[in-house]
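Dumped run39.cif below, it's mmCIF, C-alpha atoms and all ligand atoms:
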data_work
loop_
_atom_site.label_atom_id
_atom_site.label_comp_id
_atom_site.auth_asym_id
_atom_site.auth_seq_id
_atom_site.Cartn_x
_atom_site.Cartn_y
_atom_site.Cartn_z
CA MET B 1 -21.91 17.62 -1.20
CA ALA B 2 -18.67 16.98 0.71
CA THR B 3 -17.89 13.42 1.82
CA PRO B 4 -18.95 13.33 5.49
CA LEU B 5 -15.94 11.33 6.69
CA VAL B 6 -12.65 10.13 5.23
CA VAL B 7 -10.35 7.79 7.16
CA SER B 8 -6.88 7.80 5.68
CA GLU B 9 -3.93 5.50 6.53
CA VAL B 10 -4.91 5.26 10.19
CA ALA B 11 -2.76 3.15 12.51
CA LYS B 12 -3.26 2.33 16.17
CA SER B 13 -1.44 0.26 18.74
CA PHE B 14 -1.95 -0.08 22.48
CA THR B 15 0.93 0.11 24.94
CA MET B 16 0.45 -2.27 27.85
CA HIS B 17 2.12 -0.35 30.66
CA LEU B 18 1.45 -3.06 33.24
CA GLN B 19 3.09 -5.69 30.99
CA GLY B 20 6.48 -4.03 30.66
CA GLY B 21 5.31 -1.58 27.99
CA ILE B 22 4.53 -4.25 25.35
CA ARG B 23 3.12 -2.67 22.18
CA LEU B 24 0.06 -4.33 20.68
CA PRO B 25 -0.53 -3.15 17.10
CA VAL B 26 -4.24 -3.29 16.27
CA VAL B 27 -4.76 -1.66 12.88
CA SER B 28 -2.51 -0.15 10.25
CA GLY B 29 -3.21 1.56 6.93
CA ALA B 30 -6.95 1.82 7.61
CA SER B 31 -8.46 3.83 4.75
CA PHE B 32 -12.11 4.23 3.76
CA SER B 33 -14.76 6.89 3.43
CA LEU B 34 -18.42 7.15 4.35
CA ALA B 35 -21.10 8.34 1.96
CA ALA B 36 -24.18 10.34 2.95
CA GLY B 37 -27.34 8.24 2.95
CA ALA B 38 -25.56 4.90 3.21
CA CYS B 39 -24.64 2.43 5.94
CA ALA B 40 -21.16 0.90 5.91
CA VAL B 41 -20.52 -2.04 8.20
CA LEU B 42 -17.17 -2.98 9.74
CA GLY B 43 -16.62 -6.71 9.24
CA GLY B 44 -13.97 -9.15 10.43
CA PRO B 45 -13.42 -11.60 13.28
CA SER B 46 -13.41 -10.83 16.98
CA GLY B 47 -10.36 -8.80 17.93
CA ALA B 48 -9.76 -7.50 14.39
CA GLY B 49 -10.09 -3.91 15.59
CA LYS B 50 -13.67 -2.96 14.64
CA SER B 51 -14.56 -1.27 17.95
CA SER B 52 -11.16 0.40 18.09
CA ILE B 53 -11.81 2.01 14.69
CA LEU B 54 -15.21 3.29 15.84
CA LYS B 55 -13.67 4.66 19.03
CA MET B 56 -10.95 6.49 17.08
CA ILE B 57 -13.60 8.05 14.84
CA TYR B 58 -15.53 9.17 17.92
CA GLY B 59 -12.34 10.59 19.45
CA SER B 60 -12.35 8.18 22.41
CA TYR B 61 -9.08 6.50 21.36
CA ALA B 62 -6.02 8.44 20.25
CA VAL B 63 -4.80 7.84 16.68
CA ASP B 64 -1.08 7.01 16.27
CA PHE B 65 -0.85 7.78 12.57
CA GLY B 66 -3.08 8.97 9.72
CA GLN B 67 -6.02 11.30 9.37
CA ILE B 68 -9.74 11.22 10.07
CA ILE B 69 -11.23 14.08 8.09
CA VAL B 70 -14.73 15.10 9.16
CA THR B 71 -16.98 17.65 7.50
CA HIS B 72 -17.94 19.62 10.59
CA ASN B 73 -20.14 22.73 10.24
CA ASP B 74 -18.99 23.12 6.59
CA ASN B 75 -15.30 22.89 7.54
CA LEU B 76 -12.93 19.97 7.09
CA VAL B 77 -11.42 18.98 10.44
CA ASP B 78 -8.80 16.29 11.13
CA LEU B 79 -10.27 14.53 14.12
CA ALA B 80 -7.04 12.58 14.63
CA ALA B 81 -5.28 15.83 15.48
CA ALA B 82 -8.19 17.77 17.01
CA ASP B 83 -8.01 19.31 20.48
CA PRO B 84 -10.53 18.11 23.13
CA ARG B 85 -12.77 21.15 22.65
CA THR B 86 -13.11 20.44 18.95
CA VAL B 87 -13.85 16.77 19.67
CA ILE B 88 -16.66 17.86 22.03
CA ALA B 89 -18.08 20.22 19.36
CA ILE B 90 -17.92 17.45 16.74
CA ARG B 91 -19.80 15.12 19.08
CA ARG B 92 -22.44 17.77 19.78
CA ASP B 93 -23.06 18.73 16.15
CA THR B 94 -21.67 16.15 13.72
CA ILE B 95 -20.99 12.63 14.98
CA GLY B 96 -23.49 10.63 17.02
CA TYR B 97 -22.61 7.32 18.66
CA VAL B 98 -24.55 4.40 20.05
CA SER B 99 -22.14 2.48 22.25
CA GLN B 100 -22.49 -1.19 23.12
CA PHE B 101 -23.44 -0.39 26.70
CA LEU B 102 -25.18 2.62 28.22
CA ARG B 103 -23.05 4.70 30.56
CA ALA B 104 -25.81 5.46 33.03
CA VAL B 105 -25.53 8.77 34.85
CA PRO B 106 -26.73 8.32 38.46
CA ARG B 107 -30.15 9.79 39.29
CA VAL B 108 -30.92 11.08 35.77
CA PRO B 109 -34.25 9.66 34.52
CA ALA B 110 -34.31 7.73 31.23
CA ARG B 111 -36.36 10.46 29.52
CA ASP B 112 -33.69 13.09 30.30
CA VAL B 113 -30.80 10.77 29.37
CA VAL B 114 -32.40 10.52 25.91
CA ALA B 115 -33.32 14.23 25.64
CA GLU B 116 -29.88 15.50 26.72
CA PRO B 117 -28.12 15.57 23.31
CA LEU B 118 -30.93 17.74 21.90
CA VAL B 119 -30.84 20.09 24.90
CA ALA B 120 -27.05 20.37 24.42
CA ARG B 121 -27.76 21.58 20.88
CA GLY B 122 -30.04 24.33 22.18
CA GLU B 123 -33.46 22.66 21.85
CA ALA B 124 -36.09 23.69 24.44
CA ALA B 125 -36.27 21.12 27.27
CA ALA B 126 -40.00 20.43 26.77
CA THR B 127 -39.57 19.79 23.03
CA ALA B 128 -36.55 17.56 23.66
CA ARG B 129 -38.47 15.55 26.29
CA GLY B 130 -41.38 15.14 23.89
CA ARG B 131 -39.08 13.76 21.20
CA ALA B 132 -37.45 11.48 23.79
CA GLU B 133 -40.84 10.09 24.84
CA ALA B 134 -41.82 9.41 21.24
CA LEU B 135 -38.60 7.45 20.68
CA LEU B 136 -38.88 5.51 23.93
CA ALA B 137 -42.48 4.60 23.04
CA ARG B 138 -41.42 3.49 19.57
CA LEU B 139 -38.74 1.29 21.12
CA ASN B 140 -41.33 -0.25 23.46
CA LEU B 141 -39.76 0.96 26.69
CA PRO B 142 -42.61 0.78 29.22
CA GLU B 143 -43.82 4.25 30.23
CA ARG B 144 -43.44 3.42 33.93
CA LEU B 145 -39.65 3.37 33.39
CA TRP B 146 -39.34 6.79 31.75
CA ASP B 147 -39.05 8.63 35.10
CA LEU B 148 -36.48 6.21 36.50
CA PRO B 149 -32.67 6.28 36.09
CA PRO B 150 -31.63 3.44 33.74
CA ALA B 151 -28.92 2.04 36.09
CA THR B 152 -31.22 -0.79 37.25
CA PHE B 153 -32.80 -1.49 33.84
CA SER B 154 -32.26 -4.81 32.07
CA GLY B 155 -29.58 -5.04 29.37
CA GLY B 156 -32.14 -4.72 26.58
CA GLU B 157 -33.92 -1.81 28.27
CA GLN B 158 -30.64 0.05 28.78
CA GLN B 159 -29.71 -0.56 25.16
CA ARG B 160 -33.02 0.89 23.98
CA VAL B 161 -32.40 4.04 26.05
CA ASN B 162 -28.95 4.17 24.47
CA ILE B 163 -30.40 3.82 20.96
CA ALA B 164 -33.02 6.51 21.58
CA ARG B 165 -30.27 8.85 22.83
CA GLY B 166 -28.13 8.22 19.75
CA PHE B 167 -30.99 8.57 17.28
CA ILE B 168 -32.69 11.66 18.74
CA THR B 169 -30.40 14.19 17.03
CA ASP B 170 -29.96 14.88 13.33
CA HIS B 171 -26.20 14.34 13.32
CA PRO B 172 -24.90 13.84 9.75
CA ILE B 173 -22.72 10.90 10.89
CA LEU B 174 -23.90 8.09 13.18
CA LEU B 175 -21.67 5.35 14.62
CA LEU B 176 -23.32 2.17 15.89
CA ASP B 177 -21.43 -0.36 18.03
CA GLU B 178 -23.64 -3.48 18.10
CA PRO B 179 -26.81 -1.51 18.84
CA THR B 180 -29.05 -4.58 18.54
CA ALA B 181 -26.94 -7.08 20.52
CA SER B 182 -29.26 -7.25 23.57
CA LEU B 183 -32.58 -6.83 21.74
CA ASP B 184 -35.36 -9.26 20.89
CA LYS B 185 -36.52 -9.76 17.32
CA ALA B 186 -39.36 -7.21 17.45
CA ASN B 187 -37.06 -4.47 18.73
CA ARG B 188 -34.29 -5.45 16.30
CA GLU B 189 -36.76 -4.86 13.49
CA ILE B 190 -37.67 -1.44 14.88
CA VAL B 191 -34.01 -0.45 15.04
CA THR B 192 -33.50 -1.74 11.48
CA ALA B 193 -36.36 0.54 10.36
CA MET B 194 -34.87 3.48 12.27
CA ILE B 195 -31.53 2.94 10.51
CA ALA B 196 -33.32 2.91 7.14
CA GLU B 197 -34.95 6.25 8.04
CA LYS B 198 -31.55 7.75 8.91
CA LYS B 199 -30.29 6.68 5.48
CA GLU B 200 -33.34 8.29 3.84
CA ALA B 201 -32.49 11.49 5.73
CA GLY B 202 -28.97 11.47 4.24
CA VAL B 203 -27.06 10.37 7.33
CA ALA B 204 -23.76 8.52 6.85
CA LEU B 205 -23.77 5.46 9.12
CA LEU B 206 -20.92 3.21 10.20
CA GLY B 207 -21.74 0.20 12.32
CA ILE B 208 -20.73 -3.12 13.83
CA PHE B 209 -23.48 -5.76 13.71
CA HIS B 210 -22.85 -9.33 14.75
CA ASP B 211 -26.46 -10.23 13.96
CA GLN B 212 -26.39 -11.44 10.35
CA GLU B 213 -30.06 -10.62 9.72
CA VAL B 214 -29.68 -7.01 10.84
CA ARG B 215 -26.41 -6.66 8.95
CA ASP B 216 -27.95 -7.94 5.72
CA ALA B 217 -30.90 -5.58 6.17
CA VAL B 218 -28.89 -2.40 6.77
CA ALA B 219 -25.48 -2.78 5.08
CA ASP B 220 -24.80 -1.03 1.80
CA ARG B 221 -21.14 -2.00 2.05
CA ILE B 222 -18.90 -4.17 4.25
CA ILE B 223 -15.48 -2.80 5.17
CA ASP B 224 -13.26 -5.81 5.94
CA VAL B 225 -11.08 -4.79 8.87
CA THR B 226 -8.69 -7.72 8.26
CA ASP B 227 -7.42 -5.62 5.31
CA PHE B 228 -6.01 -3.29 7.98
CA ALA B 229 -4.21 -5.99 10.01
CA PRO B 230 -0.78 -4.67 11.07
CA ASP B 231 1.18 -7.89 10.18
CA ARG B 232 -0.20 -7.69 6.64
CA HIS B 233 1.84 -4.52 6.19
CA ALA B 234 4.93 -5.87 7.93
CA ALA B 235 5.03 -8.91 5.62
N1 LIG B 301 -8.17 -0.12 25.64
C1 LIG B 301 -7.46 -1.16 25.19
N2 LIG B 301 -6.28 -1.50 25.75
C2 LIG B 301 -5.56 -2.54 25.29
N3 LIG B 301 -5.93 -3.31 24.25
C3 LIG B 301 -7.09 -3.03 23.67
C4 LIG B 301 -7.92 -1.96 24.10
N4 LIG B 301 -9.02 -1.91 23.30
C5 LIG B 301 -8.88 -2.92 22.42
N5 LIG B 301 -7.73 -3.59 22.64
C6 LIG B 301 -7.22 -4.74 21.87
O1 LIG B 301 -7.27 -4.42 20.50
C7 LIG B 301 -7.69 -5.53 19.72
C8 LIG B 301 -8.90 -5.15 18.91
O2 LIG B 301 -10.02 -4.96 19.79
P1 LIG B 301 -11.42 -4.45 19.27
O3 LIG B 301 -12.33 -4.38 20.46
O4 LIG B 301 -11.22 -3.22 18.48
O5 LIG B 301 -11.84 -5.66 18.31
P2 LIG B 301 -13.23 -6.00 17.64
O6 LIG B 301 -12.95 -6.36 16.22
O7 LIG B 301 -14.21 -4.89 17.88
O8 LIG B 301 -13.65 -7.29 18.46
P3 LIG B 301 -15.09 -7.89 18.89
O9 LIG B 301 -15.78 -8.29 17.60
O10 LIG B 301 -14.73 -9.06 19.74
O11 LIG B 301 -15.81 -6.81 19.66
C9 LIG B 301 -7.94 -6.66 20.70
O12 LIG B 301 -6.83 -7.50 20.70
C10 LIG B 301 -8.09 -5.96 22.05
O13 LIG B 301 -7.63 -6.77 23.09
#
Once you've parsed the file, please lay out its structure as structure tokens.
Amino acid sequence: MATPLVVSEVAKSFTMHLQGGIRLPVVSGASFSLAAGACAVLGGPSGAGKSSILKMIYGSYAVDFGQIIVTHNDNLVDLAAADPRTVIAIRRDTIGYVSQFLRAVPRVPARDVVAEPLVARGEAAATARGRAEALLARLNLPERLWDLPPATFSGGEQQRVNIARGFITDHPILLLDEPTASLDKANREIVTAMIAEKKEAGVALLGIFHDQEVRDAVADRIIDVTDFAPDRHAA
């Protein structure tokens, strides 16, 4: 089986246009790969570049240098050089993502927010809604909220909608940016179990978890992002 994702010599800096074009190097020489059926965790202090790495892998941030090779529909694709259409196809079929905060679409009920990635992959709307309801119930989101848009939900409720949306598909790669940050202990344990099930199903996971208990429960490997600090290479 092909390695689902290989990150090779990736570098990224931000240009601060409002501050006279100052360049802020964030990571350099980032290299690692993800294995199917395992969860790798990005470690390192605040500001080390963990979220930036996840966002590059999801195609949200441009990559300055290096390659991100994804096995996408049996082909190897360099996401770092992919056109927007390819990035959209990779997100539909190959890479799922649970962001730190839900980007709520106005007027779309929670149930449909969760079902949408399955519908985008061609699943019948009724089947997708049924799967969405099962996930929302498992994550203890009260049924009275399912028909409401999540914009007014609490932080933890929004995060559970976000988790359900990220976990509903069978994407071979799943990125998790602090999915349990706003959750209570009972729901953190449910998400930990859901991550274990993804591993069983052969999914390659890459996550950021500040909660030590969750990290210890899910991590097969820690990738220390301080190894990719730009000044380390300049020295
Ligand atoms: N869009 C952006 N524009 C400018 N600078 C950014 C941007 N995104 C991130 N940065 C900077 O890049 C550095 C790394 O940020 P990043 O969010 O990747 O770190 P992190 O390790 O995930 O931190 P935390 O654990 O606090 O979430 C920080 O100095 C941050 O200010």
query = In terms of the shortest atom-to-atom distance over only C-alpha atoms, which of B:Pro149, B:Ala48, B:Val41, B:Thr3 is closest to B:Phe228?
reply =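 The closest residue to B:Phe228 is B:Ala48.
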ask   = Which residue gives the smallest distance to ligand LIG 301 (chain B) among B:Arg221, B:Arg111, B:Lys50, B:Arg165, with all atoms listed in the file counted?
value =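 The shortest atom-to-atom distance to ligand LIG 301 (chain B) comes from B:Lys50.
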task = Could you give me, as a list in words, the residues within 12 Å of B:Ala193, counting all atoms listed in the file and dropping anything in the same chain fewer than 5 positions from it?
result = Arg138, Leu139, Phe167, Ala186, Asn187, Arg188, Lys198, Lys199, Glu200, Val214, Ala217 and Val218 of chain B
inquiry  = Neighbouring residues of ligand LIG 301 (chain B) are defined here as those with any atom at most 8 Å from a ligand atom, counting only C-alpha atoms and all ligand atoms; list them as a list in words.
reply    =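 Protein and nucleic-acid residues within 8 Å of ligand LIG 301 (chain B): Ser13, Phe14, Thr15, Met16, Leu24, Pro25, Val26, Gly43, Gly44, Pro45, Ser46, Gly47, Ala48, Gly49, Lys50, Ser51, Ser52, Ile53, Tyr61, Ile208, His210 and Val225 of chain B.
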Pick from B:Ala11, B:Leu135, B:Ala201, B:Ile90, whichever lies nearest to B:Asp170 using only C-alpha atoms =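 Closest to B:Asp170, using only C-alpha atoms: B:Ala201.
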Option closest in space to B:Leu174, from B:Thr86, B:Ser31, B:Ser99, B:Gln159 [counting only C-alpha atoms] = B:Ser99
ask   = Which one is closest to B:Arg103: B:Leu145, B:Ala124, B:Ala62, B:Val161? Count only C-alpha atoms.
value =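 The shortest atom-to-atom distance to B:Arg103 comes from B:Val161.
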For B:Asp184, work out the shell of residues within 12 Å, counting all atoms listed in the file and skipping chain neighbours fewer than 4 positions away, then give it as a PDB file with C-alpha atoms, in the coordinates of the input.
ATOM      1  CA  LEU B 139     -38.740   1.290  21.120  1.00  0.00           C
ATOM      2  CA  ASN B 140     -41.330  -0.250  23.460  1.00  0.00           C
ATOM      3  CA  GLY B 155     -29.580  -5.040  29.370  1.00  0.00           C
ATOM      4  CA  GLY B 156     -32.140  -4.720  26.580  1.00  0.00           C
ATOM      5  CA  GLU B 157     -33.920  -1.810  28.270  1.00  0.00           C
ATOM      6  CA  GLN B 159     -29.710  -0.560  25.160  1.00  0.00           C
ATOM      7  CA  ARG B 160     -33.020   0.890  23.980  1.00  0.00           C
ATOM      8  CA  PRO B 179     -26.810  -1.510  18.840  1.00  0.00           C
ATOM      9  CA  THR B 180     -29.050  -4.580  18.540  1.00  0.00           C
ATOM     10  CA  ARG B 188     -34.290  -5.450  16.300  1.00  0.00           C
ATOM     11  CA  GLU B 189     -36.760  -4.860  13.490  1.00  0.00           C
ATOM     12  CA  ILE B 190     -37.670  -1.440  14.880  1.00  0.00           C
ATOM     13  CA  VAL B 191     -34.010  -0.450  15.040  1.00  0.00           C
ATOM     14  CA  ASP B 211     -26.460 -10.230  13.960  1.00  0.00           C
ATOM     15  CA  VAL B 214     -29.680  -7.010  10.840  1.00  0.00           C
TER      16      VAL B 214
END
Counting all atoms listed in the file, the option among B:Trp146, B:Phe32, B:Tyr58, B:Phe101 closest to B:Glu9 =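 Once distances to B:Glu9 are computed over all atoms listed in the file, the minimum belongs to B:Phe32.
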